[in-house]
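To keep things clear, I will list the structure first and then write my remarks on it.
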Amino acid sequence: MSAPRVRFAPSPTGYLHVGGARTALFNWLYARREKGVFILRIEDTDQARSSKEMVEAILEGLRWLGIGHDEGPYFQTALRGEHERAALRLLEAGRAYRCFCTAEALDARRQAAEANGRAWKYDRACLALPPGDADRRAAAGEPWVMRFRVPEGVTEYDDLVHGPTRFQNSDIEDLVLLRSDGSPTYNLSCVVDDRSMRITHVIRGDDHISNTPKQILLHAALEAEPPRFGHLPLILGEDKKRLSKRHGAVSVIEYRKNGYLPEALFNFLALLGWSPGGDREIMTVAEMVEAFSFQGVGSRSAVFDHDKLLWMNGEYLKRRQAADLAGLVRPWLESEGLWSADLEDARKAWFLALLDLLKERCRLLPDLAGAARPFLTERFDYDPAGVEKHFTAGAAGRLIALRDALAALPSLDEGSSEAVLRDLAGRLDVKAAALIHPARLALTGRTVGPSLFAVMAAMGRDGVLRRLERAARVIEAPAGPRDAAQERG
RNA sequence: GGCGCUAUCGUCUAGGGGUUAGGACGGGUGGUUCUCAGCCAUCAAACCGGGGUUCGAAUCCCCGUAGCGCUACCA
């Protein structure tokens with residue numbers, strides 16, 4: 001068998017959402033696995049709703065996820081002539097016919113049928129028109145659409161994920177091929193393009209299942225062998241409804257904006273509906289390509305679990321080298337005004353060590369930027385709950401005592417600062433924790449984080465001393481909010 | 001309404017005639033001791049219902065039920 005040719009065919013009427021991204025991903029994985037070709041085709045036949053910006057947004061989303069195409073992007077509107085010729089051929093062969101029913105008339109009949117509880121399907125009123133009549137009316141300028149004449153019988157196919165599937169042709173209506181303005185519709189364009197691009201496997205969402213028999217029939221009418229079809233289960237929101245904007249972030253680009261790593265989203269999406277078997281979860285792209293097969297693709301729709309994605313992102317964040325992370329957090333630091341050029345020059349080694357120290361407790365890039373803030377500036381707020389708990393009456397005195405004790409050291413390596421602190425605790429007759437907790441809050445504004453002594457080592461002696469002094473002043477300030485924001489003026 | 005798809009812990013899933021039904025997220029508990037949102041350990045948590053087939057069904061078949069999708073001159 002020759003190499004498969006698959007395509008991802010989004011319509012540029014919206015950004016690349018996670019459902020589309022996953023469809024692209026599975027196509028891509030299959031193409032890579034089978035050494036095939038992944039084609040990108042933009043289905044922009046709905047001119048009114050399509051836009052150049054959305055094409056760009058889709059391309060950007062795919063690029064970010066690392067899903068590169070081997071051919072294209074092809075634009076369906078550019079291929080319109082071919083679609084029209086195919087329609088004409090169908091008309092001449094008697095496989096399609098002109099329909100003069102107006103949209104209004106159709107609507108009325110549909111509503112009447114539904115009002116009587118009957119299922120509506122185009123009633124083929126115009127199929128009965130003598131060919132001469134139809135030609136004459138068309139020549140006279142009466143508007144018409146071209147409809148496909150669905151043959152009798154049964155249409156069956158073996159779905160790559162659902163297995164054998166069959167439809168009674170009598171349930172399929174004579175679909176419109178050409179609109180009254182002469183433009184081709186989705187099913188026609190799709191079939192003609194799949195044929196001319198020699199697509200071997202159509203892998204798309206479950207929501208296309210009902211289009212499949214129509215397209216198979218169209219392929220047959222065009223005297224072409226249909227491709228194989230595979231329908232991926234849908235991605236659902238927490239309420240089990242199809243994922244949409246109501247459920248929060250759905251655009252791939254939004255995930256980038258929120259600080260997710262593309263490989264984490266990639267891995268998460270791949271596992272939504274596909275299982276490599278066994279207990280594997282965190283996998284490299286190469287491993288996923290190696291393991292991919294339709295046997296592992298499930299047939300039930302999957303709920304998008306944001307918590308698990310968040311966890312997975314944290315896993316990827318921890319595994320990333322500090323050098324990579326530096327480039328990735330930079331935009332967040334810049335937007336906070338915390339970036340400076342020496343972070344990748346004179347202070348580079350220090351900065352990378354800092355990131356390694358902090359990344360363990362972070363899940364998103366902005367978490368990392370936030371954790372880095374107290375190390376890059378003295379302008380940061382104290383966690384109010386922490387203030388309540390640790391900035392108690394006696395804390396100021398203890399912090400000053402700690403400051404003085406640390407000031408005696410030439411530098412704050414972990415070992416000596418810990419020795420000094422514990423010695424001080426002994427002399428003050430308090431538990432080390434009574435110094436450690438207020439000190440962590442004073443230094444980082446937070447109650448959680450890495451070991452205090454690691455924090456001090458990273459922050460440097462002078463920075464530590466200044467932050468301790470400031471915290472002591474804040475604690476002693478008579479009333480009012482005890483946060484660093486008050487100190488900024 | 002019609003057509004179609006689907007059904008294992010709350011969620012993602014493994015397993016496909018005989019298993020203590022496994023893993024992960026999330027949740028609980030304990031430990032780590034300077035904190036936890038980290039780390040380690042541990043616990044709770046599922047085969048939609050009913051009929052078959054079979055010595056034996058979560059697994060195969062049928063029927064229900066429920067959920068979802070499609071039902072356009074959108075894609």
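Naming works like this for the structure tokens: A, B, ... for the chains as they're shown, residue 1 at the start of each chain, ligands 1 onward in shown order.
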
Contact set, chain B to chain A: 7 Å, only C-alpha atoms (C1' of nucleotides), as a PyMOL selection string | chain B and resi 1-4+6+11-12+14+23+25+34-38+69-70+73+75

Could those selected residues go to a file with N, CA and C atoms (P, O5', C5', C4', C3', O3' and C1' of nucleotides), as a tab-separated table (two decimals), in the first residue's frame?
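Saved to selection-v2.tsv:
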chain	number	residue	atom	x	y	z
B	1	G	P	-38.83	12.53	20.39
B	1	G	O5'	-39.30	12.61	18.86
B	1	G	C5'	-40.57	12.05	18.50
B	1	G	C4'	-40.71	12.20	17.00
B	1	G	C3'	-39.66	11.48	16.17
B	1	G	O3'	-40.05	10.15	15.91
B	1	G	C1'	-39.78	13.72	15.44
B	2	G	P	-38.98	8.98	15.82
B	2	G	O5'	-38.17	9.35	14.49
B	2	G	C5'	-38.74	9.04	13.21
B	2	G	C4'	-37.76	9.44	12.14
B	2	G	C3'	-36.39	8.80	12.26
B	2	G	O3'	-36.36	7.51	11.67
B	2	G	C1'	-36.11	11.12	11.96
B	3	C	P	-35.49	6.36	12.32
B	3	C	O5'	-34.02	6.80	11.89
B	3	C	C5'	-33.64	6.82	10.52
B	3	C	C4'	-32.29	7.46	10.37
B	3	C	C3'	-31.20	6.92	11.27
B	3	C	O3'	-30.65	5.71	10.79
B	3	C	C1'	-31.13	9.26	11.33
B	4	G	P	-30.13	4.63	11.86
B	4	G	O5'	-28.76	5.28	12.36
B	4	G	C5'	-27.70	5.52	11.46
B	4	G	C4'	-26.69	6.42	12.11
B	4	G	C3'	-26.02	5.89	13.36
B	4	G	O3'	-24.99	4.97	13.04
B	4	G	C1'	-26.61	8.14	13.69
B	6	U	P	-20.45	3.56	18.20
B	6	U	O5'	-20.55	4.20	19.66
B	6	U	C5'	-19.48	4.97	20.17
B	6	U	C4'	-19.87	5.60	21.49
B	6	U	C3'	-20.17	4.61	22.61
B	6	U	O3'	-18.95	4.18	23.20
B	6	U	C1'	-21.81	6.30	22.58
B	11	U	P	-17.65	11.06	35.24
B	11	U	O5'	-16.30	11.83	34.91
B	11	U	C5'	-16.32	13.15	34.38
B	11	U	C4'	-14.92	13.57	34.00
B	11	U	C3'	-14.18	12.57	33.12
B	11	U	O3'	-14.54	12.71	31.75
B	11	U	C1'	-12.79	13.16	34.90
B	12	C	P	-14.45	11.45	30.79
B	12	C	O5'	-12.87	11.34	30.58
B	12	C	C5'	-12.15	12.39	29.91
B	12	C	C4'	-10.70	11.99	29.78
B	12	C	C3'	-10.49	10.61	29.18
B	12	C	O3'	-10.58	10.67	27.77
B	12	C	C1'	-9.16	10.82	31.11
B	14	A	P	-8.83	2.91	26.60
B	14	A	O5'	-8.00	2.01	27.62
B	14	A	C5'	-6.58	2.05	27.59
B	14	A	C4'	-6.00	1.04	28.54
B	14	A	C3'	-6.48	-0.39	28.35
B	14	A	O3'	-5.79	-1.00	27.28
B	14	A	C1'	-6.37	0.15	30.66
B	23	G	P	-3.49	0.95	40.54
B	23	G	O5'	-3.02	1.95	39.40
B	23	G	C5'	-1.71	1.82	38.83
B	23	G	C4'	-1.58	2.75	37.66
B	23	G	C3'	-1.86	4.21	37.95
B	23	G	O3'	-0.74	4.86	38.52
B	23	G	C1'	-2.97	3.59	35.97
B	25	C	P	-1.44	11.76	39.18
B	25	C	O5'	-2.62	12.69	38.66
B	25	C	C5'	-2.37	13.71	37.68
B	25	C	C4'	-3.65	14.42	37.35
B	25	C	C3'	-4.37	15.03	38.55
B	25	C	O3'	-3.83	16.31	38.86
B	25	C	C1'	-5.92	13.83	37.24
B	34	C	P	12.78	22.27	60.73
B	34	C	O5'	11.46	23.00	60.18
B	34	C	C5'	10.91	24.10	60.84
B	34	C	C4'	10.29	24.93	59.78
B	34	C	C3'	9.61	24.06	58.73
B	34	C	O3'	8.24	23.93	59.06
B	34	C	C1'	10.96	25.80	57.74
B	35	U	P	7.34	22.83	58.32
B	35	U	O5'	6.63	23.72	57.20
B	35	U	C5'	5.67	24.69	57.60
B	35	U	C4'	5.27	25.49	56.40
B	35	U	C3'	4.65	24.68	55.27
B	35	U	O3'	3.28	24.49	55.54
B	35	U	C1'	6.21	26.25	54.40
B	36	C	P	2.64	23.07	55.19
B	36	C	O5'	2.41	23.24	53.63
B	36	C	C5'	1.69	24.36	53.16
B	36	C	C4'	1.80	24.39	51.66
B	36	C	C3'	1.33	23.09	51.00
B	36	C	O3'	0.71	23.44	49.78
B	36	C	C1'	3.53	23.54	50.35
B	37	A	P	-0.83	23.29	49.69
B	37	A	O5'	-0.95	23.36	48.09
B	37	A	C5'	-1.10	22.21	47.29
B	37	A	C4'	-0.32	22.46	46.02
B	37	A	C3'	1.14	22.10	46.13
B	37	A	O3'	1.57	21.54	44.91
B	37	A	C1'	0.91	24.39	45.56
B	38	G	P	1.84	20.04	44.82
B	38	G	O5'	3.43	20.02	44.99
B	38	G	C5'	4.24	20.67	44.04
B	38	G	C4'	5.69	20.37	44.33
B	38	G	C3'	5.97	18.91	44.63
B	38	G	O3'	6.23	18.21	43.42
B	38	G	C1'	6.92	20.24	46.31
B	69	G	P	-24.63	18.03	21.33
B	69	G	O5'	-24.33	17.33	19.93
B	69	G	C5'	-23.00	17.22	19.47
B	69	G	C4'	-22.97	16.40	18.21
B	69	G	C3'	-23.84	16.93	17.09
B	69	G	O3'	-23.19	17.96	16.39
B	69	G	C1'	-24.17	14.62	17.30
B	70	C	P	-24.06	19.10	15.70
B	70	C	O5'	-24.71	18.34	14.46
B	70	C	C5'	-23.89	17.88	13.40
B	70	C	C4'	-24.74	17.09	12.45
B	70	C	C3'	-25.99	17.77	11.96
B	70	C	O3'	-25.72	18.67	10.89
B	70	C	C1'	-26.53	15.58	12.62
B	73	C	P	-30.94	24.09	2.40
B	73	C	O5'	-29.82	25.01	1.76
B	73	C	C5'	-28.86	24.42	0.92
B	73	C	C4'	-27.93	25.53	0.51
B	73	C	C3'	-27.92	26.63	1.61
B	73	C	O3'	-26.59	26.85	2.03
B	73	C	C1'	-28.68	27.48	-0.58
B	75	A	P	-20.75	25.83	3.09
B	75	A	O5'	-19.66	25.35	4.15
B	75	A	C5'	-18.61	26.21	4.60
B	75	A	C4'	-17.89	25.50	5.73
B	75	A	C3'	-17.27	24.17	5.36
B	75	A	O3'	-15.97	24.33	4.81
B	75	A	C1'	-18.57	23.89	7.29

Contact residues around Gly230 of chain A with only C-alpha atoms (C1' of nucleotides) at 6 Å, ignoring same-chain residues under 4 positions, as a ChimeraX atom specification = /A:159-161,203

Out of A:Glu287, A:Glu378, A:Glu142, A:Glu71, which residue has the shortest atom-to-atom distance to Arg98 of chain A when counting only C-alpha atoms?
-> A:Glu142

Contacts of segment 47-50 of chain B at 7 Å (only C-alpha atoms (C1' of nucleotides); same-chain gap of 5+ positions) as a list in words =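 Answer for this query is A7, U8 and A58 of chain B.
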
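Counting only C-alpha atoms (C1' of nucleotides), C43 of chain B has the following residues at most 12 Å away, ignoring those fewer than 3 positions along the same chain: G27, G28, U29 and G30 of chain B.
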
Go ahead and save the picked residues with C-alpha atoms (C1' of nucleotides), as a PDB file, in the first residue's frame.
ATOM      1  C1'   G B  27     -10.171  14.345  46.476  1.00  0.00           C
ATOM      2  C1'   G B  28      -8.965  12.139  51.638  1.00  0.00           C
ATOM      3  C1'   U B  29      -5.254  10.561  55.270  1.00  0.00           C
ATOM      4  C1'   G B  30      -0.263  10.126  57.060  1.00  0.00           C
TER       5        G B  30
END

For Tyr260 of chain A, please output as number ranges by chain all residues within 12 Å (counting only C-alpha atoms (C1' of nucleotides); exclusion window: fewer than 6 positions along the same chain).
-> A: 64-65, 249, 252-254, 266-268, 306, 309-317, 325, 328-329, 362-368

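One finds atom CA of Arg398 of chain A at 19.6 Å from atom CA of Glu414 of chain A.
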
Near-G31 of chain B list (10 Å; only C-alpha atoms (C1' of nucleotides); drop same-chain fewer than 6 positions) as a ChimeraX atom specification = /B:40-42

Deliver the residues from the most recent selection as a file, using C-alpha atoms (C1' of nucleotides), as an mmCIF file, in the first residue's frame.
data_model
loop_
_atom_site.group_PDB
_atom_site.id
_atom_site.type_symbol
_atom_site.label_atom_id
_atom_site.label_comp_id
_atom_site.auth_asym_id
_atom_site.auth_seq_id
_atom_site.Cartn_x
_atom_site.Cartn_y
_atom_site.Cartn_z
ATOM 1 C "C1'" C B 40 7.167 10.089 49.613
ATOM 2 C "C1'" A B 41 3.504 6.690 51.334
ATOM 3 C "C1'" U B 42 -1.472 5.412 51.680
#

Contacts of Ile216 of chain A at 9 Å or less, counting only C-alpha atoms (C1' of nucleotides), minus same-chain residues fewer than 6 places along, as number ranges by chain?
-> A: 155-157, 191, 225-227

Mind the document's chain letters and residue numbers, and return as a ChimeraX atom specification the residues of segment 445-478 of chain A that DSSP labels helix (DSSP H, G or I).
-> /A:452-459,461-476

May I have the selected residues written with C-alpha atoms, as a JSON list (two decimals), in the first residue's frame?
[["chain", "number", "residue", "atom", "x", "y", "z"],
["A", 452, "LEU", "CA", 14.18, 29.67, 53.10],
["A", 453, "PHE", "CA", 17.93, 29.22, 52.99],
["A", 454, "ALA", "CA", 17.84, 28.54, 49.28],
["A", 455, "VAL", "CA", 15.75, 31.68, 48.88],
["A", 456, "MET", "CA", 18.29, 33.71, 50.81],
["A", 457, "ALA", "CA", 21.18, 32.31, 48.85],
["A", 458, "ALA", "CA", 19.46, 33.22, 45.59],
["A", 459, "MET", "CA", 18.46, 36.65, 46.76],
["A", 461, "ARG", "CA", 22.93, 39.21, 51.26],
["A", 462, "ASP", "CA", 22.03, 42.85, 50.65],
["A", 463, "GLY", "CA", 18.67, 42.08, 49.14],
["A", 464, "VAL", "CA", 17.81, 39.89, 52.08],
["A", 465, "LEU", "CA", 18.82, 42.52, 54.61],
["A", 466, "ARG", "CA", 16.78, 45.23, 52.92],
["A", 467, "ARG", "CA", 13.66, 43.06, 52.68],
["A", 468, "LEU", "CA", 13.93, 42.09, 56.32],
["A", 469, "GLU", "CA", 14.20, 45.73, 57.35],
["A", 470, "ARG", "CA", 11.26, 46.72, 55.25],
["A", 471, "ALA", "CA", 9.09, 43.95, 56.65],
["A", 472, "ALA", "CA", 9.99, 44.99, 60.20],
["A", 473, "ARG", "CA", 8.94, 48.56, 59.41],
["A", 474, "VAL", "CA", 5.67, 47.36, 57.92],
["A", 475, "ILE", "CA", 4.89, 45.29, 60.97],
["A", 476, "GLU", "CA", 5.58, 48.18, 63.28]]

Would you work out the distance separating atom C1' of C39 of chain B from atom C1' of A24 of chain B, expressed in Å to one decimal?
-> 17.7 Å

Run DSSP on the backbone and grab whatever in segment 114-225 of chain A lands in strand (DSSP E); send it over as a PyMOL selection string.
-> chain A and resi 145-148+154-159+163-168+176-178+201-205

Output for the residues just chosen: N, CA and C atoms as an mmCIF file, in the first residue's frame:
data_model
loop_
_atom_site.group_PDB
_atom_site.id
_atom_site.type_symbol
_atom_site.label_atom_id
_atom_site.label_comp_id
_atom_site.auth_asym_id
_atom_site.auth_seq_id
_atom_site.Cartn_x
_atom_site.Cartn_y
_atom_site.Cartn_z
ATOM 1 N N VAL A 145 -31.050 25.986 -7.751
ATOM 2 C CA VAL A 145 -29.891 25.366 -7.107
ATOM 3 C C VAL A 145 -29.734 23.999 -7.749
ATOM 4 N N MET A 146 -28.532 23.466 -7.688
ATOM 5 C CA MET A 146 -28.353 22.116 -8.218
ATOM 6 C C MET A 146 -28.370 21.137 -7.037
ATOM 7 N N ARG A 147 -29.191 20.122 -7.178
ATOM 8 C CA ARG A 147 -29.262 19.116 -6.131
ATOM 9 C C ARG A 147 -28.713 17.790 -6.620
ATOM 10 N N PHE A 148 -28.113 17.075 -5.726
ATOM 11 C CA PHE A 148 -27.614 15.735 -6.032
ATOM 12 C C PHE A 148 -28.790 14.776 -5.948
ATOM 13 N N VAL A 154 -28.341 1.282 -0.100
ATOM 14 C CA VAL A 154 -27.742 1.396 1.221
ATOM 15 C C VAL A 154 -26.290 1.818 1.033
ATOM 16 N N THR A 155 -25.818 2.689 1.887
ATOM 17 C CA THR A 155 -24.415 3.107 1.811
ATOM 18 C C THR A 155 -23.701 2.638 3.070
ATOM 19 N N GLU A 156 -22.657 1.874 2.862
ATOM 20 C CA GLU A 156 -21.926 1.331 4.001
ATOM 21 C C GLU A 156 -20.450 1.685 3.888
ATOM 22 N N TYR A 157 -19.817 1.786 5.012
ATOM 23 C CA TYR A 157 -18.368 1.986 5.009
ATOM 24 C C TYR A 157 -17.830 1.468 6.325
ATOM 25 N N ASP A 158 -16.541 1.247 6.341
ATOM 26 C CA ASP A 158 -15.914 0.724 7.550
ATOM 27 C C ASP A 158 -15.135 1.860 8.200
ATOM 28 N N ASP A 159 -15.715 2.415 9.243
ATOM 29 C CA ASP A 159 -15.093 3.567 9.898
ATOM 30 C C ASP A 159 -13.827 3.136 10.634
ATOM 31 N N GLY A 163 -15.877 1.338 13.167
ATOM 32 C CA GLY A 163 -16.146 0.069 12.507
ATOM 33 C C GLY A 163 -17.257 0.218 11.477
ATOM 34 N N PRO A 164 -17.840 -0.903 11.065
ATOM 35 C CA PRO A 164 -18.835 -0.890 9.992
ATOM 36 C C PRO A 164 -20.034 -0.005 10.333
ATOM 37 N N THR A 165 -20.384 0.831 9.406
ATOM 38 C CA THR A 165 -21.477 1.769 9.617
ATOM 39 C C THR A 165 -22.325 1.803 8.348
ATOM 40 N N ARG A 166 -23.652 1.829 8.496
ATOM 41 C CA ARG A 166 -24.482 1.841 7.293
ATOM 42 C C ARG A 166 -25.642 2.818 7.397
ATOM 43 N N PHE A 167 -25.989 3.352 6.261
ATOM 44 C CA PHE A 167 -27.099 4.296 6.184
ATOM 45 C C PHE A 167 -28.026 3.879 5.049
ATOM 46 N N GLN A 168 -29.320 4.039 5.304
ATOM 47 C CA GLN A 168 -30.292 3.841 4.230
ATOM 48 C C GLN A 168 -30.272 5.111 3.389
ATOM 49 N N VAL A 176 -27.966 20.002 -1.709
ATOM 50 C CA VAL A 176 -27.630 21.066 -2.655
ATOM 51 C C VAL A 176 -26.138 20.986 -2.973
ATOM 52 N N LEU A 177 -25.826 21.042 -4.270
ATOM 53 C CA LEU A 177 -24.432 21.000 -4.722
ATOM 54 C C LEU A 177 -23.953 22.408 -5.069
ATOM 55 N N LEU A 178 -24.847 23.104 -5.772
ATOM 56 C CA LEU A 178 -24.535 24.470 -6.198
ATOM 57 C C LEU A 178 -25.643 25.378 -5.674
ATOM 58 N N HIS A 201 -7.259 8.978 3.508
ATOM 59 C CA HIS A 201 -7.926 8.798 4.799
ATOM 60 C C HIS A 201 -8.498 10.129 5.250
ATOM 61 N N VAL A 202 -9.800 10.164 5.429
ATOM 62 C CA VAL A 202 -10.435 11.379 5.923
ATOM 63 C C VAL A 202 -10.665 11.192 7.421
ATOM 64 N N ILE A 203 -9.897 11.936 8.210
ATOM 65 C CA ILE A 203 -9.988 11.810 9.659
ATOM 66 C C ILE A 203 -10.543 13.120 10.187
ATOM 67 N N ARG A 204 -11.709 13.083 10.780
ATOM 68 C CA ARG A 204 -12.390 14.305 11.206
ATOM 69 C C ARG A 204 -13.255 14.007 12.411
ATOM 70 N N GLY A 205 -13.984 15.016 12.858
ATOM 71 C CA GLY A 205 -14.806 14.853 14.045
ATOM 72 C C GLY A 205 -16.067 14.032 13.800
#
